[in-house]
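Just below is one structure, and these are the notes that go with it.
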Amino acid sequence: MKLFTIETGFFKLDGGAMFGVVPKSIWQKTNPADELNLCTWAMRCLLVQEGDRLILIDNGIGNKQDERFLKHYYLHGDDSLEKSLSKYGFSKDDITDVFLTHLHFDHCGGSIDKLEDGSLVPAFKNATYWSNSNHWEWAIEPNDREKASFLKENLLPIQESGRLKFIDCIDGIDFTENIKIRFAFGHTESMMLPQISYEGKTILYMADMLPSIGHIPLPYVMAYDMFPLKTLTEKKKFLEEAVKNDYILFLEHDPINECCTLQETEKGIRVKDTFKLSQF
């Protein structure tokens, strides 16, 4: 098995929305905001080469949205999905599996390409796309609060392609020999967190359970979460488990830190070490 960090670029989101009830005077120490109160976030994905499978976990915002949409998110940086894959000698056609932790546009927008004639087609023409039926139904018929994050142009072409498959919503279910799937329900319905056994360690892909190291303290829960008290309970459980078992946490949105480990302190669970996946 081999693991590769896939950087797809940076975007900006409102700092207050990202940190919920935590005052700006506190959260800006770890995630400084610009004059519009926007903070920079990564859209970092993970590529897993296991046997004859090449599994891409999430794929960023993509590039098919129009200028009106993209101007709200201030996409920037030199990285892209294609450049990151190419860095390791791969292309989108090599991907066998696209694993979607959840279907918010910044996690699945790269799933679909827009052709010159305006038609929408799967960006990974040889891949199976993985979600779960609970989350898929939640995304296809979204609630009014969350529907701006679920874009039908990201979802329906996957279904229409015939390449969509569902994972049973059972916590700890096997996806491959070395990947189990954990489930969380606070951020959105049935978000999936891949738990990877790698070189004697456990790597947990945190998706939006823990966007950055700035979110490690328990009250630091995003206003974007549908069920913040549920997130609080789940986060406490996962962080305690990570400390006890010395997990490596892979961070999708942290603009600086790819991975971290945790430790118990007198102030609660806090970051222990930060490092790049390639340094592990």
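Identifiers in the structure tokens: chain A, B, ... in order shown; residue index from 1 per chain; ligand index from 1 in order shown.
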Tell me, which residues of region 18-241 of chain A carry DSSP strand (DSSP E or B), written as a PDB file with N, CA, C and O atoms, in the first residue's frame?
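Output (result18.pdb):
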```pdb
ATOM      1  N   LEU A  38     -12.699  36.449   6.202  1.00  0.00           N
ATOM      2  CA  LEU A  38     -12.552  35.152   5.548  1.00  0.00           C
ATOM      3  C   LEU A  38     -11.203  34.529   5.913  1.00  0.00           C
ATOM      4  O   LEU A  38     -10.178  35.206   5.955  1.00  0.00           O
ATOM      5  N   CYS A  39     -11.216  33.222   6.151  1.00  0.00           N
ATOM      6  CA  CYS A  39     -10.002  32.461   6.427  1.00  0.00           C
ATOM      7  C   CYS A  39      -9.708  31.534   5.257  1.00  0.00           C
ATOM      8  O   CYS A  39     -10.618  31.051   4.574  1.00  0.00           O
ATOM      9  N   THR A  40      -8.441  31.266   5.048  1.00  0.00           N
ATOM     10  CA  THR A  40      -8.006  30.358   3.993  1.00  0.00           C
ATOM     11  C   THR A  40      -8.036  28.912   4.483  1.00  0.00           C
ATOM     12  O   THR A  40      -7.603  28.620   5.597  1.00  0.00           O
ATOM     13  N   TRP A  41      -8.543  28.038   3.601  1.00  0.00           N
ATOM     14  CA  TRP A  41      -8.638  26.608   3.917  1.00  0.00           C
ATOM     15  C   TRP A  41      -8.138  25.786   2.742  1.00  0.00           C
ATOM     16  O   TRP A  41      -8.315  26.166   1.584  1.00  0.00           O
ATOM     17  N   ALA A  42      -7.541  24.656   3.054  1.00  0.00           N
ATOM     18  CA  ALA A  42      -7.100  23.724   2.019  1.00  0.00           C
ATOM     19  C   ALA A  42      -8.272  22.859   1.561  1.00  0.00           C
ATOM     20  O   ALA A  42      -9.302  22.760   2.242  1.00  0.00           O
ATOM     21  N   MET A  43      -8.104  22.253   0.404  1.00  0.00           N
ATOM     22  CA  MET A  43      -8.987  21.174  -0.055  1.00  0.00           C
ATOM     23  C   MET A  43      -8.073  19.994  -0.379  1.00  0.00           C
ATOM     24  O   MET A  43      -7.750  19.718  -1.515  1.00  0.00           O
ATOM     25  N   ARG A  44      -7.630  19.347   0.675  1.00  0.00           N
ATOM     26  CA  ARG A  44      -6.595  18.311   0.617  1.00  0.00           C
ATOM     27  C   ARG A  44      -7.257  16.931   0.567  1.00  0.00           C
ATOM     28  O   ARG A  44      -8.097  16.603   1.400  1.00  0.00           O
ATOM     29  N   CYS A  45      -6.855  16.154  -0.391  1.00  0.00           N
ATOM     30  CA  CYS A  45      -7.426  14.822  -0.584  1.00  0.00           C
ATOM     31  C   CYS A  45      -6.344  13.764  -0.380  1.00  0.00           C
ATOM     32  O   CYS A  45      -5.164  14.087  -0.208  1.00  0.00           O
ATOM     33  N   LEU A  46      -6.735  12.514  -0.408  1.00  0.00           N
ATOM     34  CA  LEU A  46      -5.797  11.422  -0.179  1.00  0.00           C
ATOM     35  C   LEU A  46      -5.961  10.371  -1.265  1.00  0.00           C
ATOM     36  O   LEU A  46      -7.081   9.966  -1.583  1.00  0.00           O
ATOM     37  N   LEU A  47      -4.839   9.955  -1.819  1.00  0.00           N
ATOM     38  CA  LEU A  47      -4.815   8.897  -2.833  1.00  0.00           C
ATOM     39  C   LEU A  47      -4.216   7.647  -2.209  1.00  0.00           C
ATOM     40  O   LEU A  47      -3.128   7.700  -1.626  1.00  0.00           O
ATOM     41  N   VAL A  48      -4.932   6.541  -2.326  1.00  0.00           N
ATOM     42  CA  VAL A  48      -4.509   5.271  -1.733  1.00  0.00           C
ATOM     43  C   VAL A  48      -4.295   4.260  -2.849  1.00  0.00           C
ATOM     44  O   VAL A  48      -5.224   3.951  -3.605  1.00  0.00           O
ATOM     45  N   GLN A  49      -3.083   3.752  -2.941  1.00  0.00           N
ATOM     46  CA  GLN A  49      -2.770   2.688  -3.898  1.00  0.00           C
ATOM     47  C   GLN A  49      -2.688   1.380  -3.122  1.00  0.00           C
ATOM     48  O   GLN A  49      -1.783   1.176  -2.316  1.00  0.00           O
ATOM     49  N   GLU A  50      -3.654   0.530  -3.371  1.00  0.00           N
ATOM     50  CA  GLU A  50      -3.721  -0.740  -2.644  1.00  0.00           C
ATOM     51  C   GLU A  50      -4.005  -1.852  -3.648  1.00  0.00           C
ATOM     52  O   GLU A  50      -5.083  -1.906  -4.238  1.00  0.00           O
ATOM     53  N   ARG A  53      -5.967  -1.385  -7.026  1.00  0.00           N
ATOM     54  CA  ARG A  53      -6.917  -0.289  -6.893  1.00  0.00           C
ATOM     55  C   ARG A  53      -6.193   1.020  -6.593  1.00  0.00           C
ATOM     56  O   ARG A  53      -5.210   1.055  -5.835  1.00  0.00           O
ATOM     57  N   LEU A  54      -6.679   2.087  -7.189  1.00  0.00           N
ATOM     58  CA  LEU A  54      -6.183   3.432  -6.932  1.00  0.00           C
ATOM     59  C   LEU A  54      -7.383   4.255  -6.460  1.00  0.00           C
ATOM     60  O   LEU A  54      -8.249   4.636  -7.251  1.00  0.00           O
ATOM     61  N   ILE A  55      -7.424   4.501  -5.162  1.00  0.00           N
ATOM     62  CA  ILE A  55      -8.604   5.056  -4.506  1.00  0.00           C
ATOM     63  C   ILE A  55      -8.360   6.523  -4.163  1.00  0.00           C
ATOM     64  O   ILE A  55      -7.424   6.854  -3.425  1.00  0.00           O
ATOM     65  N   LEU A  56      -9.204   7.395  -4.677  1.00  0.00           N
ATOM     66  CA  LEU A  56      -9.119   8.823  -4.377  1.00  0.00           C
ATOM     67  C   LEU A  56     -10.203   9.173  -3.369  1.00  0.00           C
ATOM     68  O   LEU A  56     -11.390   8.984  -3.623  1.00  0.00           O
ATOM     69  N   ILE A  57      -9.778   9.684  -2.223  1.00  0.00           N
ATOM     70  CA  ILE A  57     -10.720  10.082  -1.170  1.00  0.00           C
ATOM     71  C   ILE A  57     -10.974  11.583  -1.298  1.00  0.00           C
ATOM     72  O   ILE A  57     -10.085  12.404  -1.090  1.00  0.00           O
ATOM     73  N   HIS A  76      -7.717  29.957  -4.838  1.00  0.00           N
ATOM     74  CA  HIS A  76      -6.371  30.458  -5.080  1.00  0.00           C
ATOM     75  C   HIS A  76      -5.346  29.356  -4.848  1.00  0.00           C
ATOM     76  O   HIS A  76      -5.668  28.267  -4.377  1.00  0.00           O
ATOM     77  N   ASP A  97     -11.402   4.027  -7.957  1.00  0.00           N
ATOM     78  CA  ASP A  97     -12.456   4.262  -6.968  1.00  0.00           C
ATOM     79  C   ASP A  97     -12.402   5.709  -6.500  1.00  0.00           C
ATOM     80  O   ASP A  97     -11.325   6.207  -6.135  1.00  0.00           O
ATOM     81  N   VAL A  98     -13.541   6.366  -6.508  1.00  0.00           N
ATOM     82  CA  VAL A  98     -13.674   7.711  -5.948  1.00  0.00           C
ATOM     83  C   VAL A  98     -14.533   7.587  -4.701  1.00  0.00           C
ATOM     84  O   VAL A  98     -15.737   7.301  -4.777  1.00  0.00           O
ATOM     85  N   PHE A  99     -13.908   7.773  -3.549  1.00  0.00           N
ATOM     86  CA  PHE A  99     -14.599   7.638  -2.270  1.00  0.00           C
ATOM     87  C   PHE A  99     -14.979   9.028  -1.783  1.00  0.00           C
ATOM     88  O   PHE A  99     -14.116   9.887  -1.602  1.00  0.00           O
ATOM     89  N   ILE A 112     -17.194  15.618 -11.319  1.00  0.00           N
ATOM     90  CA  ILE A 112     -17.856  15.802 -12.613  1.00  0.00           C
ATOM     91  C   ILE A 112     -17.149  16.889 -13.414  1.00  0.00           C
ATOM     92  O   ILE A 112     -16.811  17.950 -12.872  1.00  0.00           O
ATOM     93  N   ASP A 113     -16.943  16.625 -14.697  1.00  0.00           N
ATOM     94  CA  ASP A 113     -16.401  17.618 -15.614  1.00  0.00           C
ATOM     95  C   ASP A 113     -17.506  18.159 -16.520  1.00  0.00           C
ATOM     96  O   ASP A 113     -18.473  17.452 -16.821  1.00  0.00           O
ATOM     97  N   LYS A 114     -17.328  19.401 -16.947  1.00  0.00           N
ATOM     98  CA  LYS A 114     -18.255  20.019 -17.893  1.00  0.00           C
ATOM     99  C   LYS A 114     -17.577  20.129 -19.247  1.00  0.00           C
ATOM    100  O   LYS A 114     -16.523  20.755 -19.376  1.00  0.00           O
ATOM    101  N   LEU A 120     -22.424  17.277 -18.764  1.00  0.00           N
ATOM    102  CA  LEU A 120     -21.721  16.924 -17.536  1.00  0.00           C
ATOM    103  C   LEU A 120     -21.411  15.433 -17.532  1.00  0.00           C
ATOM    104  O   LEU A 120     -22.310  14.612 -17.726  1.00  0.00           O
ATOM    105  N   VAL A 121     -20.140  15.094 -17.330  1.00  0.00           N
ATOM    106  CA  VAL A 121     -19.705  13.698 -17.393  1.00  0.00           C
ATOM    107  C   VAL A 121     -18.798  13.398 -16.212  1.00  0.00           C
ATOM    108  O   VAL A 121     -18.157  14.293 -15.648  1.00  0.00           O
ATOM    109  N   PRO A 122     -18.723  12.126 -15.801  1.00  0.00           N
ATOM    110  CA  PRO A 122     -17.804  11.767 -14.717  1.00  0.00           C
ATOM    111  C   PRO A 122     -16.363  12.128 -15.076  1.00  0.00           C
ATOM    112  O   PRO A 122     -15.894  11.842 -16.175  1.00  0.00           O
ATOM    113  N   THR A 128     -15.353   3.678 -10.033  1.00  0.00           N
ATOM    114  CA  THR A 128     -16.601   3.525  -9.293  1.00  0.00           C
ATOM    115  C   THR A 128     -16.666   4.623  -8.237  1.00  0.00           C
ATOM    116  O   THR A 128     -15.660   4.927  -7.582  1.00  0.00           O
ATOM    117  N   TYR A 129     -17.839   5.243  -8.093  1.00  0.00           N
ATOM    118  CA  TYR A 129     -18.044   6.296  -7.096  1.00  0.00           C
ATOM    119  C   TYR A 129     -18.764   5.703  -5.888  1.00  0.00           C
ATOM    120  O   TYR A 129     -19.785   5.023  -6.036  1.00  0.00           O
ATOM    121  N   TRP A 130     -18.241   6.003  -4.685  1.00  0.00           N
ATOM    122  CA  TRP A 130     -18.772   5.406  -3.458  1.00  0.00           C
ATOM    123  C   TRP A 130     -19.378   6.459  -2.527  1.00  0.00           C
ATOM    124  O   TRP A 130     -18.746   7.454  -2.191  1.00  0.00           O
ATOM    125  N   SER A 131     -20.620   6.218  -2.115  1.00  0.00           N
ATOM    126  CA  SER A 131     -21.292   7.005  -1.089  1.00  0.00           C
ATOM    127  C   SER A 131     -22.055   6.003  -0.212  1.00  0.00           C
ATOM    128  O   SER A 131     -21.708   4.824  -0.176  1.00  0.00           O
ATOM    129  N   LEU A 164     -22.346   4.618  -9.604  1.00  0.00           N
ATOM    130  CA  LEU A 164     -22.520   4.900  -8.178  1.00  0.00           C
ATOM    131  C   LEU A 164     -22.806   3.613  -7.409  1.00  0.00           C
ATOM    132  O   LEU A 164     -23.671   2.828  -7.792  1.00  0.00           O
ATOM    133  N   LYS A 165     -22.066   3.410  -6.312  1.00  0.00           N
ATOM    134  CA  LYS A 165     -22.319   2.284  -5.416  1.00  0.00           C
ATOM    135  C   LYS A 165     -22.385   2.790  -3.985  1.00  0.00           C
ATOM    136  O   LYS A 165     -21.773   3.806  -3.629  1.00  0.00           O
ATOM    137  N   PHE A 166     -23.133   2.057  -3.166  1.00  0.00           N
ATOM    138  CA  PHE A 166     -23.334   2.455  -1.779  1.00  0.00           C
ATOM    139  C   PHE A 166     -22.632   1.498  -0.818  1.00  0.00           C
ATOM    140  O   PHE A 166     -22.607   0.280  -1.037  1.00  0.00           O
ATOM    141  N   ILE A 173     -17.186  -0.876   9.064  1.00  0.00           N
ATOM    142  CA  ILE A 173     -17.306  -1.819   7.956  1.00  0.00           C
ATOM    143  C   ILE A 173     -16.047  -1.776   7.084  1.00  0.00           C
ATOM    144  O   ILE A 173     -15.432  -0.728   6.886  1.00  0.00           O
ATOM    145  N   ASP A 174     -15.655  -2.935   6.564  1.00  0.00           N
ATOM    146  CA  ASP A 174     -14.482  -2.999   5.693  1.00  0.00           C
ATOM    147  C   ASP A 174     -14.799  -2.431   4.315  1.00  0.00           C
ATOM    148  O   ASP A 174     -15.822  -2.755   3.715  1.00  0.00           O
ATOM    149  N   ILE A 179      -8.662  -0.700   4.810  1.00  0.00           N
ATOM    150  CA  ILE A 179      -9.475   0.496   5.044  1.00  0.00           C
ATOM    151  C   ILE A 179     -10.825   0.107   5.634  1.00  0.00           C
ATOM    152  O   ILE A 179     -11.568  -0.684   5.045  1.00  0.00           O
ATOM    153  N   LYS A 180     -11.117   0.638   6.805  1.00  0.00           N
ATOM    154  CA  LYS A 180     -12.439   0.524   7.407  1.00  0.00           C
ATOM    155  C   LYS A 180     -13.123   1.881   7.321  1.00  0.00           C
ATOM    156  O   LYS A 180     -12.452   2.911   7.221  1.00  0.00           O
ATOM    157  N   ILE A 181     -14.433   1.879   7.391  1.00  0.00           N
ATOM    158  CA  ILE A 181     -15.186   3.124   7.302  1.00  0.00           C
ATOM    159  C   ILE A 181     -15.863   3.422   8.638  1.00  0.00           C
ATOM    160  O   ILE A 181     -16.616   2.586   9.164  1.00  0.00           O
ATOM    161  N   ARG A 182     -15.579   4.594   9.169  1.00  0.00           N
ATOM    162  CA  ARG A 182     -16.248   5.091  10.362  1.00  0.00           C
ATOM    163  C   ARG A 182     -17.331   6.087   9.936  1.00  0.00           C
ATOM    164  O   ARG A 182     -17.191   6.771   8.915  1.00  0.00           O
ATOM    165  N   PHE A 183     -18.368   6.191  10.713  1.00  0.00           N
ATOM    166  CA  PHE A 183     -19.490   7.070  10.377  1.00  0.00           C
ATOM    167  C   PHE A 183     -19.672   8.138  11.445  1.00  0.00           C
ATOM    168  O   PHE A 183     -19.462   7.906  12.642  1.00  0.00           O
ATOM    169  N   ALA A 184     -20.067   9.327  10.996  1.00  0.00           N
ATOM    170  CA  ALA A 184     -20.364  10.442  11.889  1.00  0.00           C
ATOM    171  C   ALA A 184     -21.617  11.149  11.371  1.00  0.00           C
ATOM    172  O   ALA A 184     -21.850  11.217  10.165  1.00  0.00           O
ATOM    173  N   MET A 191     -21.791  11.037   7.333  1.00  0.00           N
ATOM    174  CA  MET A 191     -20.477  11.317   6.766  1.00  0.00           C
ATOM    175  C   MET A 191     -19.565  10.123   7.036  1.00  0.00           C
ATOM    176  O   MET A 191     -19.606   9.520   8.111  1.00  0.00           O
ATOM    177  N   MET A 192     -18.713   9.790   6.055  1.00  0.00           N
ATOM    178  CA  MET A 192     -17.850   8.621   6.159  1.00  0.00           C
ATOM    179  C   MET A 192     -16.391   9.035   6.344  1.00  0.00           C
ATOM    180  O   MET A 192     -15.884   9.885   5.607  1.00  0.00           O
ATOM    181  N   LEU A 193     -15.726   8.429   7.322  1.00  0.00           N
ATOM    182  CA  LEU A 193     -14.334   8.717   7.631  1.00  0.00           C
ATOM    183  C   LEU A 193     -13.507   7.455   7.410  1.00  0.00           C
ATOM    184  O   LEU A 193     -13.611   6.507   8.181  1.00  0.00           O
ATOM    185  N   PRO A 194     -12.674   7.409   6.366  1.00  0.00           N
ATOM    186  CA  PRO A 194     -11.825   6.236   6.156  1.00  0.00           C
ATOM    187  C   PRO A 194     -10.775   6.099   7.267  1.00  0.00           C
ATOM    188  O   PRO A 194     -10.102   7.067   7.633  1.00  0.00           O
ATOM    189  N   GLN A 195     -10.658   4.895   7.790  1.00  0.00           N
ATOM    190  CA  GLN A 195      -9.655   4.569   8.805  1.00  0.00           C
ATOM    191  C   GLN A 195      -8.696   3.556   8.182  1.00  0.00           C
ATOM    192  O   GLN A 195      -9.089   2.441   7.870  1.00  0.00           O
ATOM    193  N   ILE A 196      -7.453   3.967   8.012  1.00  0.00           N
ATOM    194  CA  ILE A 196      -6.500   3.235   7.192  1.00  0.00           C
ATOM    195  C   ILE A 196      -5.399   2.632   8.052  1.00  0.00           C
ATOM    196  O   ILE A 196      -4.765   3.329   8.863  1.00  0.00           O
ATOM    197  N   SER A 197      -5.183   1.337   7.905  1.00  0.00           N
ATOM    198  CA  SER A 197      -4.054   0.665   8.555  1.00  0.00           C
ATOM    199  C   SER A 197      -2.855   0.753   7.627  1.00  0.00           C
ATOM    200  O   SER A 197      -2.901   0.260   6.496  1.00  0.00           O
ATOM    201  N   TYR A 198      -1.788   1.382   8.119  1.00  0.00           N
ATOM    202  CA  TYR A 198      -0.654   1.668   7.248  1.00  0.00           C
ATOM    203  C   TYR A 198       0.646   1.609   8.046  1.00  0.00           C
ATOM    204  O   TYR A 198       0.840   2.363   8.994  1.00  0.00           O
ATOM    205  N   LYS A 201       0.524   1.686  11.795  1.00  0.00           N
ATOM    206  CA  LYS A 201      -0.188   2.819  12.383  1.00  0.00           C
ATOM    207  C   LYS A 201      -1.609   2.886  11.839  1.00  0.00           C
ATOM    208  O   LYS A 201      -1.934   2.278  10.810  1.00  0.00           O
ATOM    209  N   THR A 202      -2.441   3.652  12.512  1.00  0.00           N
ATOM    210  CA  THR A 202      -3.798   3.922  12.036  1.00  0.00           C
ATOM    211  C   THR A 202      -3.899   5.381  11.645  1.00  0.00           C
ATOM    212  O   THR A 202      -3.588   6.270  12.442  1.00  0.00           O
ATOM    213  N   ILE A 203      -4.314   5.610  10.401  1.00  0.00           N
ATOM    214  CA  ILE A 203      -4.531   6.968   9.900  1.00  0.00           C
ATOM    215  C   ILE A 203      -6.032   7.172   9.747  1.00  0.00           C
ATOM    216  O   ILE A 203      -6.695   6.390   9.067  1.00  0.00           O
ATOM    217  N   LEU A 204      -6.561   8.203  10.385  1.00  0.00           N
ATOM    218  CA  LEU A 204      -7.988   8.506  10.293  1.00  0.00           C
ATOM    219  C   LEU A 204      -8.170   9.779   9.474  1.00  0.00           C
ATOM    220  O   LEU A 204      -7.663  10.844   9.834  1.00  0.00           O
ATOM    221  N   TYR A 205      -8.866   9.637   8.346  1.00  0.00           N
ATOM    222  CA  TYR A 205      -9.156  10.779   7.471  1.00  0.00           C
ATOM    223  C   TYR A 205     -10.325  11.539   8.083  1.00  0.00           C
ATOM    224  O   TYR A 205     -11.454  11.037   8.171  1.00  0.00           O
TER     225      TYR A 205
END
```
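Neighbours of Asp66 (chain A) closer than or equal to 12 Å, with only C-alpha atoms counted and sequence neighbours fewer than 6 positions away skipped, come out as A:His72, A:Tyr73, A:Lys114, A:Gly118, A:Glu153.
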Output N, CA, C and O atoms of each residue in that selection to a file, as a compact mmCIF listing (two decimals), in the first residue's frame.
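This is the output file out-v1.txt:
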```
# COMPACT_ATOMS: atom_id res chain seq x y z
N HIS A 72 -17.49 33.67 -4.72
CA HIS A 72 -17.82 33.66 -3.29
C HIS A 72 -16.76 32.94 -2.47
O HIS A 72 -16.71 33.11 -1.24
N TYR A 73 -15.93 32.13 -3.12
CA TYR A 73 -15.03 31.24 -2.38
C TYR A 73 -13.55 31.52 -2.63
O TYR A 73 -12.70 30.86 -2.05
N LYS A 114 -17.33 19.40 -16.95
CA LYS A 114 -18.26 20.02 -17.89
C LYS A 114 -17.58 20.13 -19.25
O LYS A 114 -16.52 20.76 -19.38
N GLY A 118 -21.41 21.78 -22.85
CA GLY A 118 -22.21 21.98 -21.65
C GLY A 118 -22.63 20.71 -20.95
O GLY A 118 -23.20 20.77 -19.85
N GLU A 153 -25.64 19.34 -9.97
CA GLU A 153 -24.71 19.08 -11.07
C GLU A 153 -23.51 18.26 -10.62
O GLU A 153 -22.80 17.69 -11.46
```
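Across A:Phe4, A:Ala127, A:Trp138, A:His187, the tightest approach to Leu85 (chain A) is made by A:Phe4 when counting only C-alpha atoms.
Counting only C-alpha atoms, Asn134 (chain A) has the following residues at most 9 Å away, ignoring those fewer than 4 positions along the same chain: Trp138, Ala139, Cys169, Glu189 and Ser190 of chain A.
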Residues within 10 Å of Trp27 (chain A), please, as a VMD selection string. Count only C-alpha atoms; anything in the same chain fewer than 3 positions from it doesn't count.
chain A and resid 15 to 16 18 to 20 22 to 24 30 to 33 214 to 215 220
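Summary of the local environment: counting only C-alpha atoms, residues at most 6 Å from Asn59 (chain A), other than itself and those fewer than 5 positions away along its chain, are His107, Cys108 and Gly110 of chain A.
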Output of the above residues as a tab-separated table (two decimals), in the first residue's frame, restricted to N, CA and C atoms:
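That gives us again.tsv:
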```
chain	number	residue	atom	x	y	z
A	107	HIS	N	-16.02	18.93	-1.39
A	107	HIS	CA	-15.49	17.57	-1.24
A	107	HIS	C	-15.74	16.71	-2.47
A	108	CYS	N	-16.73	17.08	-3.28
A	108	CYS	CA	-17.09	16.21	-4.40
A	108	CYS	C	-17.20	16.94	-5.73
A	110	GLY	N	-15.07	17.97	-7.82
A	110	GLY	CA	-14.19	17.46	-8.86
A	110	GLY	C	-14.64	16.14	-9.46
```
Selection near region 227-238 of chain A, 9 Å with only C-alpha atoms, sequence-local residues under 4 positions removed, as a PyMOL selection string:
chain A and resi 184-188+209-210+216+218-223+242-243
List every residue of region 67-253 of chain A that DSSP, applied to the backbone of this structure, places in helix (DSSP H, G or I), and write the result as a PyMOL selection string.
chain A and resi 67-70+81-87+92-94+105-111+133-140+147-149+152-161+213-215+228-245
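Between Lys152 (chain A) and the residues A:Asn126, A:Gln65, A:Ser80, A:Thr265, the shortest atom-to-atom distance, using only C-alpha atoms, involves A:Gln65.
One distance worth recording is that between CA of Arg270 (chain A) and CA of Leu239 (chain A), which is 9.3 Å.
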Restricting to only C-alpha atoms, whichever of A:Leu3, A:Leu36, A:Leu262, A:Ala17 is closest to Asp225 (chain A) is A:Ala17
Closest of A:Leu156, A:Ile6, A:Leu151, A:Ile61 to Tyr88 (chain A) - atom-to-atom distances counting only C-alpha atoms
A:Ile6
